[in-house]
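Text of coords26.txt (compact mmCIF, C-alpha atoms) as supplied:
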# COMPACT_ATOMS: atom_id res chain seq x y z
CA MET A 527 -21.23 10.01 -23.88
CA VAL A 528 -18.71 9.78 -26.74
CA ARG A 529 -15.07 10.45 -25.98
CA ASP A 530 -13.23 12.91 -28.17
CA GLU A 531 -9.75 11.39 -28.30
CA HIS A 532 -8.53 14.08 -30.68
CA ALA A 533 -9.20 17.08 -28.47
CA PRO A 534 -6.06 19.21 -28.00
CA GLN A 535 -3.91 18.42 -24.94
CA ILE A 536 -2.43 20.87 -22.44
CA GLY A 537 1.35 20.71 -22.54
CA PRO A 538 3.51 18.20 -24.41
CA GLY A 539 1.72 15.06 -23.17
CA ALA A 540 -1.56 13.83 -21.83
CA GLU A 541 -0.33 13.18 -18.28
CA GLN A 542 0.28 16.40 -16.39
CA LEU A 543 2.23 17.21 -13.23
CA LEU A 544 0.17 19.60 -11.12
CA GLN A 545 1.12 21.50 -8.00
CA SER A 546 -0.14 24.26 -5.75
CA GLN A 547 1.87 26.20 -3.20
CA ALA A 548 -1.32 27.58 -1.67
CA LEU A 549 -2.81 24.13 -1.11
CA ARG A 550 0.56 22.43 -0.44
CA LEU A 551 -0.35 19.77 -2.97
CA ARG A 552 1.32 18.03 -5.85
CA GLY A 553 -0.12 15.37 -8.10
CA ARG A 554 -0.12 13.89 -11.56
CA ALA A 555 -3.37 13.89 -13.51
CA ASP A 556 -3.81 11.16 -16.10
CA ARG A 557 -5.06 13.63 -18.69
CA VAL A 558 -5.65 17.36 -18.90
CA ARG A 559 -6.95 18.70 -22.19
CA ARG A 560 -8.62 21.81 -23.53
CA LEU A 561 -12.06 21.13 -24.97
CA THR A 562 -12.78 24.73 -25.94
CA PRO A 563 -10.97 28.03 -25.29
CA GLU A 564 -13.04 28.32 -22.08
CA ILE A 565 -13.20 24.67 -20.90
CA LEU A 566 -10.49 22.35 -19.59
CA GLU A 567 -11.11 18.69 -18.85
CA VAL A 568 -9.28 16.74 -16.14
CA ARG A 569 -9.67 12.99 -16.62
CA ASP A 570 -8.54 10.22 -14.31
CA PHE A 571 -8.55 6.60 -15.46
CA LYS A 572 -9.49 3.92 -12.93
CA SER A 573 -9.31 0.16 -13.31
CA GLY A 574 -11.09 -0.70 -10.05
CA ALA A 575 -14.49 0.08 -8.57
CA THR A 576 -15.29 3.79 -8.62
CA LEU A 577 -18.85 3.84 -7.26
CA ASP A 578 -20.15 3.49 -3.72
CA GLN A 579 -23.25 1.60 -2.64
CA GLU A 580 -25.43 4.53 -3.77
CA SER A 581 -23.91 4.39 -7.29
CA LYS A 582 -22.09 7.65 -6.72
CA VAL A 583 -18.39 8.27 -7.30
CA LYS A 584 -16.58 7.28 -4.13
CA PRO A 585 -15.78 10.32 -1.94
CA GLU A 586 -12.02 9.67 -1.92
CA ILE A 587 -11.95 9.48 -5.73
CA ALA A 588 -14.09 12.59 -6.06
CA LEU A 589 -11.75 14.45 -3.67
CA GLN A 590 -8.74 13.38 -5.73
CA LEU A 591 -10.34 14.77 -8.89
CA MET A 592 -11.35 17.99 -7.15
CA ALA A 593 -7.79 18.44 -5.87
CA TYR A 594 -6.58 18.16 -9.47
CA GLY A 595 -9.28 20.61 -10.51
CA LEU A 596 -8.27 23.16 -7.88
CA MET A 597 -4.63 22.97 -8.96
CA VAL A 598 -5.60 23.44 -12.62
CA LEU A 599 -7.92 26.30 -11.69
CA GLU A 600 -5.07 28.00 -9.85
CA ARG A 601 -3.09 28.04 -13.12
CA HIS A 602 -6.10 28.92 -15.28
CA PRO A 603 -8.41 31.02 -13.04
CA ASN A 604 -10.81 32.14 -15.78
CA THR A 605 -11.47 28.65 -17.12
CA THR A 606 -14.34 26.24 -16.56
CA ILE A 607 -13.02 22.91 -15.26
CA ARG A 608 -14.71 19.63 -16.10
CA LEU A 609 -13.80 16.58 -13.97
CA ILE A 610 -14.19 13.03 -15.32
CA VAL A 611 -13.59 9.65 -13.70
CA ASP A 612 -13.11 7.12 -16.50
CA ASP A 613 -13.57 3.46 -15.54
CA GLY A 614 -14.73 2.45 -19.01
CA GLU A 615 -17.63 4.83 -18.60
CA GLU A 616 -17.37 8.57 -18.10
CA ARG A 617 -18.53 9.73 -14.68
CA ASN A 618 -18.74 13.43 -13.94
CA VAL A 619 -17.56 14.86 -10.63
CA ALA A 620 -19.31 18.07 -9.55
CA PHE A 621 -17.04 21.11 -9.49
CA HIS A 622 -19.42 24.01 -8.88
CA PRO A 623 -18.42 26.79 -6.43
CA VAL A 624 -19.92 25.09 -3.37
CA ALA A 625 -18.21 21.78 -4.17
CA ARG A 626 -14.90 23.61 -4.70
CA GLU A 627 -15.09 25.32 -1.30
CA GLN A 628 -15.99 22.08 0.43
CA ALA A 629 -13.04 20.37 -1.25
CA ARG A 630 -10.70 23.22 -0.26
CA GLU A 631 -11.76 22.96 3.37
CA THR A 632 -11.35 19.16 3.41
CA LEU A 633 -7.91 19.45 1.84
CA ARG A 634 -6.89 22.16 4.32
CA GLN A 635 -7.82 19.90 7.23
CA LEU A 636 -5.85 17.02 5.73
CA VAL A 637 -2.78 19.12 4.95
CA ASN A 638 -2.81 20.82 8.36
CA GLY A 639 -2.18 17.41 9.88
CA LEU A 640 1.07 17.07 7.92
CA PRO A 641 4.45 18.34 9.12
CA PRO A 642 5.95 21.49 7.57
CA ALA A 643 7.75 21.16 4.26
CA GLY A 644 11.22 19.67 4.50
CA ILE A 645 13.00 16.43 5.31
CA VAL A 646 11.28 14.41 8.02
CA SER A 647 12.59 11.19 9.54
CA GLY A 648 10.60 8.01 9.00
CA GLU A 649 10.42 7.50 12.78
CA THR A 650 8.53 10.78 13.11
CA LEU A 651 5.90 9.82 10.52
CA ALA A 652 5.62 6.10 11.30
CA ASN A 653 2.39 4.98 12.96
CA PRO A 654 2.55 1.17 13.22
CA GLY A 655 -0.79 -0.56 13.00
CA SER A 656 -3.08 -2.28 10.52
CA SER A 657 -1.58 -0.33 7.61
CA CYS A 658 1.76 -2.11 8.12
CA ARG A 659 0.32 -5.12 6.31
CA ASN A 660 0.48 -3.40 2.92
CA CYS A 661 3.49 -1.17 3.56
CA PRO A 662 6.37 -2.05 1.18
CA TYR A 663 8.86 -0.28 3.47
CA ARG A 664 8.17 -2.03 6.77
CA HIS A 665 11.44 -3.97 6.54
CA THR A 666 13.29 -0.63 6.87
CA CYS A 667 10.92 0.93 9.44
CA SER A 668 12.50 0.98 12.90
CA ALA A 669 9.12 1.68 14.51
CA TYR A 670 7.63 -1.49 12.97
CA LEU A 671 10.73 -3.59 13.68
CA THR A 672 10.57 -2.52 17.32
CA ILE A 673 6.87 -3.08 17.98
CA ALA A 674 6.16 -6.16 15.85
CA PRO A 675 7.76 -8.67 18.29
CA THR A 676 5.38 -7.45 21.02
CA TRP A 677 2.49 -8.17 18.65
CA TRP A 678 3.77 -11.71 18.11
CA LYS A 679 3.63 -12.45 21.84
CA SER A 680 0.30 -10.71 22.46
CA TYR A 681 -1.95 -10.02 19.47
CA PRO A 682 -3.11 -6.37 19.69
CA ASN A 683 -6.83 -5.66 19.78
CA ASP A 684 -6.49 -2.52 17.68
CA VAL A 685 -4.55 -4.16 14.81
CA GLU A 686 -6.72 -6.06 12.37
CA TYR A 687 -3.89 -8.05 10.78
CA VAL A 688 -0.30 -8.58 11.93
CA PRO A 689 1.90 -9.38 8.90
CA PHE A 690 3.34 -12.87 8.58
CA ASP A 691 6.89 -11.60 9.06
CA ILE A 692 9.48 -13.08 11.37
CA TRP A 693 13.09 -12.44 12.30
CA GLY A 694 15.53 -13.73 14.86
CA THR A 695 18.66 -15.78 15.49
CA LEU A 696 19.28 -18.82 13.29
CA THR A 697 19.63 -21.96 15.42
CA GLU A 698 19.25 -24.72 12.84
CA ILE A 699 19.18 -25.08 9.07
CA ARG A 700 18.08 -28.05 6.99
CA GLN A 701 18.31 -28.57 3.24
CA ILE A 702 15.69 -30.79 1.62
CA GLU A 703 16.42 -31.08 -2.11
CA ASP A 704 16.16 -27.51 -3.45
CA LEU A 705 14.35 -26.07 -0.43
CA ALA A 706 15.69 -24.91 2.91
CA SER A 707 14.09 -25.00 6.33
CA ALA A 708 15.23 -22.65 9.10
CA ARG A 709 14.70 -22.71 12.86
CA LEU A 710 14.95 -19.41 14.70
CA THR A 711 14.69 -17.93 18.13
CA ASP A 712 12.67 -14.93 17.08
CA ALA A 713 12.83 -11.37 18.40
CA GLY A 714 9.91 -12.23 20.69
CA CYS A 715 11.96 -15.04 22.32
CA ARG A 716 9.84 -17.74 20.66
CA ARG A 717 11.09 -20.82 18.81
CA VAL A 718 9.79 -20.66 15.24
CA ARG A 719 10.35 -22.41 11.92
CA VAL A 720 10.26 -21.28 8.31
CA ASP A 721 9.94 -24.06 5.73
CA GLY A 722 9.97 -24.33 1.96
CA LEU A 723 12.49 -21.54 1.39
CA ASP A 724 13.60 -21.12 -2.20
CA ARG A 725 17.34 -21.38 -2.89
CA ARG A 726 17.40 -17.75 -4.13
CA HIS A 727 17.43 -16.62 -0.47
CA GLY A 728 20.73 -18.41 0.17
CA VAL A 729 19.56 -19.39 3.65
CA SER A 730 21.51 -22.67 3.58
CA LEU A 731 24.75 -20.64 3.40
CA ALA A 732 23.99 -18.55 6.49
CA PRO A 733 26.10 -19.50 9.55
CA LEU A 734 24.34 -20.42 12.78
CA GLY A 735 23.94 -17.39 14.99
CA SER A 736 23.07 -15.14 12.04
CA THR A 737 20.08 -12.83 12.32
CA LEU A 738 17.60 -13.66 9.55
CA PHE A 739 14.66 -11.51 8.53
CA PHE A 740 11.71 -12.88 6.54
CA PHE A 741 8.87 -10.72 5.23
CA GLY A 742 5.67 -11.66 3.41
CA LEU A 743 5.52 -15.31 4.42
CA GLN A 744 2.45 -17.52 4.70
CA ALA A 745 1.34 -19.20 7.91
CA THR A 746 1.61 -22.97 8.05
CA GLY A 747 -1.51 -23.98 9.90
CA PRO A 748 -4.12 -21.83 11.67
CA SER A 749 -3.65 -18.35 13.10
CA TRP A 750 -6.96 -18.38 15.02
CA ASP A 751 -7.70 -20.10 18.33
CA PHE A 752 -10.85 -22.05 19.21
CA ASP A 753 -12.46 -18.94 20.68
CA GLY A 754 -12.00 -16.94 17.48
CA GLY A 755 -9.04 -14.96 18.75
CA ARG A 756 -6.05 -14.31 16.53
CA PHE A 757 -2.46 -15.21 17.30
CA HIS A 758 0.80 -14.86 15.44
CA PRO A 759 1.90 -18.32 14.27
CA ARG A 760 5.20 -20.03 14.98
CA SER A 761 5.36 -21.98 11.73
CA PHE A 762 5.67 -20.33 8.31
CA HIS A 763 6.50 -21.23 4.74
CA GLU A 764 7.28 -19.76 1.36
CA ILE A 765 6.66 -22.66 -1.04
CA PRO A 766 3.67 -24.79 0.05
CA ARG A 767 3.83 -28.49 0.81
CA ASP A 768 0.58 -29.24 -1.04
CA ARG A 769 -2.22 -27.59 -2.95
CA TRP A 770 -4.08 -26.69 0.23
CA GLU A 771 -1.45 -24.19 1.31
CA ARG A 772 -0.81 -20.79 -0.24
CA ARG A 773 2.50 -19.80 -1.72
CA ALA A 774 4.18 -16.67 -0.38
CA TRP A 775 4.83 -15.07 -3.76
CA THR A 776 6.26 -11.84 -2.35
CA ALA A 777 8.49 -13.39 0.32
CA THR A 778 11.79 -11.57 0.86
CA SER A 779 14.68 -12.21 3.23
CA PHE A 780 17.71 -10.43 4.68
CA SER A 781 20.52 -11.62 6.92
CA ILE A 782 23.08 -10.18 9.32
CA GLU A 783 26.03 -12.48 10.05
CA PRO A 784 27.43 -12.65 13.59
CA CYS A 785 30.61 -10.68 14.31
Starting from the file, lay out its structure as structure tokens.
Amino acid sequence: MVRDEHAPQIGPGAEQLLQSQALRLRGRADRVRRLTPEILEVRDFKSGATLDQESKVKPEIALQLMAYGLMVLERHPNTTIRLIVDDGEERNVAFHPVAREQARETLRQLVNGLPPAGIVSGETLANPGSSCRNCPYRHTCSAYLTIAPTWWKSYPNDVEYVPFDIWGTLTEIRQIEDLASARLTDAGCRRVRVDGLDRRHGVSLAPLGSTLFFFGLQATGPSWDFDGGRFHPRSFHEIPRDRWERRAWTATSFSIEPC
């Protein structure tokens, strides 16, 4: 199928902000353009895998496109909507009446699980678990900061991966050339160490007794026992000692000095 890159766009640019009060949705489609007076195309560009094991567009991607389609249809009710997933090839997503109603019902169920519109505290929405691993806000999440130390002492069965984060009271600091090494009594009352810390963290300047927080570290040594069970390590690093260890490229740190 040949792409028509010169087809007229809807609005001033290709990317379009879409919203629906009825569906309580808002999103940004990569491209919305008018192919004919009666046909609008909604196109979403994907760089990753878009197909499932049956070579069909993944359900979550199809639902995303159908949500865009429903929002466009709300603005242009007498228009035929064409949905395209573009991963280098054009893949059509069905948008016939039955598919639309199924998508509406799925979206209603999802939205009904959300709180009413307005400002909601992070503590209300937080649900610490396996998703914490990839959450960029966990360092500010009181729910995570409270529960994580209990995970360190006893690895939870329902959490697939506990992040390699650690925080606690600084008890010792060592400077080895350009790298720092810190010893802490962590928030789980364990003695832990963090080695190979880059000078950008300024750890060597922190007074003893400070509370240091480290996020996104790598474990130094194993985090599995001989029976295949997982445990949270007591030794971490940022910059590896040798080529066999991984570098913690996204490591961040924060400190609170004692009063």
So that I can check the surroundings of A:Phe571, please list as a list in words every protein, DNA and RNA residue that reaches within 9 Å of it, counting all atoms listed in the file and ignoring chain neighbours fewer than 6 positions away.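 Those residues are Asp556, Arg557, Ile610, Val611, Asp612, Asp613 and Gly614 of chain A.
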I need the residue nearest A:Ile673 from this list: A:Val568, A:Ala713, A:Leu543, A:Ile702. Use all atoms listed in the file for the distance.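 Looking at the shortest contact to A:Ile673, the residue is A:Ala713.
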Would you pick out the contacts of stretch 727-733 of chain A at 9 Å or less, using all atoms listed in the file, so that residues sharing its chain but fewer than 4 positions from it are not included, and give the list as JSON, numbers by chain? {"A": [696, 699, 700, 701, 705, 706, 707, 708, 723, 738, 778, 779, 780, 781, 782, 783, 784]}
Selection file, C-alpha atoms, as a PDB file, in the coordinates of the input:
ATOM      1  CA  LEU A 696      19.280 -18.820  13.290  1.00  0.00           C
ATOM      2  CA  ILE A 699      19.180 -25.080   9.070  1.00  0.00           C
ATOM      3  CA  ARG A 700      18.080 -28.050   6.990  1.00  0.00           C
ATOM      4  CA  GLN A 701      18.310 -28.570   3.240  1.00  0.00           C
ATOM      5  CA  LEU A 705      14.350 -26.070  -0.430  1.00  0.00           C
ATOM      6  CA  ALA A 706      15.690 -24.910   2.910  1.00  0.00           C
ATOM      7  CA  SER A 707      14.090 -25.000   6.330  1.00  0.00           C
ATOM      8  CA  ALA A 708      15.230 -22.650   9.100  1.00  0.00           C
ATOM      9  CA  LEU A 723      12.490 -21.540   1.390  1.00  0.00           C
ATOM     10  CA  LEU A 738      17.600 -13.660   9.550  1.00  0.00           C
ATOM     11  CA  THR A 778      11.790 -11.570   0.860  1.00  0.00           C
ATOM     12  CA  SER A 779      14.680 -12.210   3.230  1.00  0.00           C
ATOM     13  CA  PHE A 780      17.710 -10.430   4.680  1.00  0.00           C
ATOM     14  CA  SER A 781      20.520 -11.620   6.920  1.00  0.00           C
ATOM     15  CA  ILE A 782      23.080 -10.180   9.320  1.00  0.00           C
ATOM     16  CA  GLU A 783      26.030 -12.480  10.050  1.00  0.00           C
ATOM     17  CA  PRO A 784      27.430 -12.650  13.590  1.00  0.00           C
TER      18      PRO A 784
END
Expressed in Å to a single decimal, how great is the separation between atom CA of A:Pro563 and atom CA of A:Leu609?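 Rounded to one decimal, the two atoms are 16.3 Å apart.
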Residue with smallest distance to A:Ser657 - pool A:Val685, A:Leu636, A:Leu671, A:Val624, counting all atoms listed in the file: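 Checking each candidate against A:Ser657, we get A:Val685 as the closest.
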Option closest in space to A:Ala643, from A:Arg725, A:Arg560, A:Arg769, A:Arg550 [counting only C-alpha atoms]: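 Looking at the shortest contact to A:Ala643, the residue is A:Arg550.
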Nearby residues (only C-alpha atoms) at most 7 Å from A:Gly742, same-chain spacing under 6 positions excluded, as a ChimeraX atom specification: /A:690-691,774,776-778
Mind giving me the straight-line distance from atom CA of A:Thr695 to atom CA of A:Thr746 in Å, one decimal?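 Value for the atom CA of A:Thr695-atom CA of A:Thr746 distance: 19.9 Å.
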Quick one, how far is atom CA of A:Ile607 from atom CA of A:Leu591? 10.7 Å
Give me the residues within 9 Å of A:His665 as a ChimeraX atom specification, counting all atoms listed in the file and dropping any in the same chain fewer than 5 places off. /A:670-671,739-741
Shortest contact to A:Ala629, candidates A:Val598, A:Val720, A:Leu549, A:Cys658, atoms counted all atoms listed in the file, goes to A:Leu549
Which residue of A:Leu734, A:Val637, A:Cys667, A:Met592 approaches A:Ala652 most closely, using all atoms listed in the file: A:Cys667
Nearest residue to A:Ile692 from the set A:Arg767, A:His758, A:Arg559, A:Arg773 (distances using all atoms listed in the file):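 Going through A:Arg767, A:His758, A:Arg559, A:Arg773 one by one, the smallest distance to A:Ile692 is for A:His758.
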Would you kindly return, as a PDB file with C-alpha atoms, in the coordinates of the input, each protein, DNA or RNA residue with an atom no farther than 12 Å from any atom of A:Gly655, considering only C-alpha atoms and excluding same-chain residues fewer than 5 positions away?
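That gives us out-v2.pdb:
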ATOM      1  CA  ASN A 660       0.480  -3.400   2.920  1.00  0.00           C
ATOM      2  CA  CYS A 661       3.490  -1.170   3.560  1.00  0.00           C
ATOM      3  CA  ARG A 664       8.170  -2.030   6.770  1.00  0.00           C
ATOM      4  CA  ALA A 669       9.120   1.680  14.510  1.00  0.00           C
ATOM      5  CA  TYR A 670       7.630  -1.490  12.970  1.00  0.00           C
ATOM      6  CA  LEU A 671      10.730  -3.590  13.680  1.00  0.00           C
ATOM      7  CA  ILE A 673       6.870  -3.080  17.980  1.00  0.00           C
ATOM      8  CA  ALA A 674       6.160  -6.160  15.850  1.00  0.00           C
ATOM      9  CA  TRP A 677       2.490  -8.170  18.650  1.00  0.00           C
ATOM     10  CA  TYR A 681      -1.950 -10.020  19.470  1.00  0.00           C
ATOM     11  CA  PRO A 682      -3.110  -6.370  19.690  1.00  0.00           C
ATOM     12  CA  ASN A 683      -6.830  -5.660  19.780  1.00  0.00           C
ATOM     13  CA  ASP A 684      -6.490  -2.520  17.680  1.00  0.00           C
ATOM     14  CA  VAL A 685      -4.550  -4.160  14.810  1.00  0.00           C
ATOM     15  CA  GLU A 686      -6.720  -6.060  12.370  1.00  0.00           C
ATOM     16  CA  TYR A 687      -3.890  -8.050  10.780  1.00  0.00           C
ATOM     17  CA  VAL A 688      -0.300  -8.580  11.930  1.00  0.00           C
ATOM     18  CA  PRO A 689       1.900  -9.380   8.900  1.00  0.00           C
TER      19      PRO A 689
END
Could you write stretch 655-668 of chain A as a PDB file, in the coordinates of the input, with N, CA and C atoms rebuilt where they are missing?
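Wrote it out as part-v2.pdb, contents follow:
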ATOM      1  N   GLY A 655       0.564  -0.082  12.768  1.00  0.00           N
ATOM      2  CA  GLY A 655      -0.790  -0.560  13.000  1.00  0.00           C
ATOM      3  C   GLY A 655      -1.239  -1.430  11.853  1.00  0.00           C
ATOM      4  N   SER A 656      -2.533  -1.421  11.568  1.00  0.00           N
ATOM      5  CA  SER A 656      -3.080  -2.280  10.520  1.00  0.00           C
ATOM      6  C   SER A 656      -2.505  -1.970   9.146  1.00  0.00           C
ATOM      7  N   SER A 657      -2.109  -0.704   8.916  1.00  0.00           N
ATOM      8  CA  SER A 657      -1.580  -0.330   7.610  1.00  0.00           C
ATOM      9  C   SER A 657      -0.212  -0.958   7.326  1.00  0.00           C
ATOM     10  N   CYS A 658       0.456  -1.493   8.343  1.00  0.00           N
ATOM     11  CA  CYS A 658       1.760  -2.110   8.120  1.00  0.00           C
ATOM     12  C   CYS A 658       1.655  -3.295   7.159  1.00  0.00           C
ATOM     13  N   ARG A 659       0.502  -3.933   7.140  1.00  0.00           N
ATOM     14  CA  ARG A 659       0.320  -5.120   6.310  1.00  0.00           C
ATOM     15  C   ARG A 659       0.671  -4.861   4.853  1.00  0.00           C
ATOM     16  N   ASN A 660       0.269  -3.710   4.331  1.00  0.00           N
ATOM     17  CA  ASN A 660       0.480  -3.400   2.920  1.00  0.00           C
ATOM     18  C   ASN A 660       1.616  -2.426   2.678  1.00  0.00           C
ATOM     19  N   CYS A 661       2.388  -2.135   3.709  1.00  0.00           N
ATOM     20  CA  CYS A 661       3.490  -1.170   3.560  1.00  0.00           C
ATOM     21  C   CYS A 661       4.710  -1.866   2.965  1.00  0.00           C
ATOM     22  N   PRO A 662       5.197  -1.408   1.793  1.00  0.00           N
ATOM     23  CA  PRO A 662       6.370  -2.050   1.180  1.00  0.00           C
ATOM     24  C   PRO A 662       7.682  -1.665   1.854  1.00  0.00           C
ATOM     25  N   TYR A 663       7.627  -0.758   2.837  1.00  0.00           N
ATOM     26  CA  TYR A 663       8.860  -0.280   3.470  1.00  0.00           C
ATOM     27  C   TYR A 663       8.990  -0.758   4.918  1.00  0.00           C
ATOM     28  N   ARG A 664       8.138  -1.661   5.358  1.00  0.00           N
ATOM     29  CA  ARG A 664       8.170  -2.030   6.770  1.00  0.00           C
ATOM     30  C   ARG A 664       9.482  -2.704   7.159  1.00  0.00           C
ATOM     31  N   HIS A 665      10.168  -3.322   6.197  1.00  0.00           N
ATOM     32  CA  HIS A 665      11.440  -3.970   6.540  1.00  0.00           C
ATOM     33  C   HIS A 665      12.523  -2.954   6.879  1.00  0.00           C
ATOM     34  N   THR A 666      12.313  -1.674   6.539  1.00  0.00           N
ATOM     35  CA  THR A 666      13.290  -0.630   6.870  1.00  0.00           C
ATOM     36  C   THR A 666      12.765   0.304   7.959  1.00  0.00           C
ATOM     37  N   CYS A 667      11.573   0.037   8.484  1.00  0.00           N
ATOM     38  CA  CYS A 667      10.920   0.930   9.440  1.00  0.00           C
ATOM     39  C   CYS A 667      11.281   0.514  10.863  1.00  0.00           C
ATOM     40  N   SER A 668      12.070   1.329  11.550  1.00  0.00           N
ATOM     41  CA  SER A 668      12.500   0.980  12.900  1.00  0.00           C
ATOM     42  C   SER A 668      11.323   0.900  13.864  1.00  0.00           C
TER      43      SER A 668
END
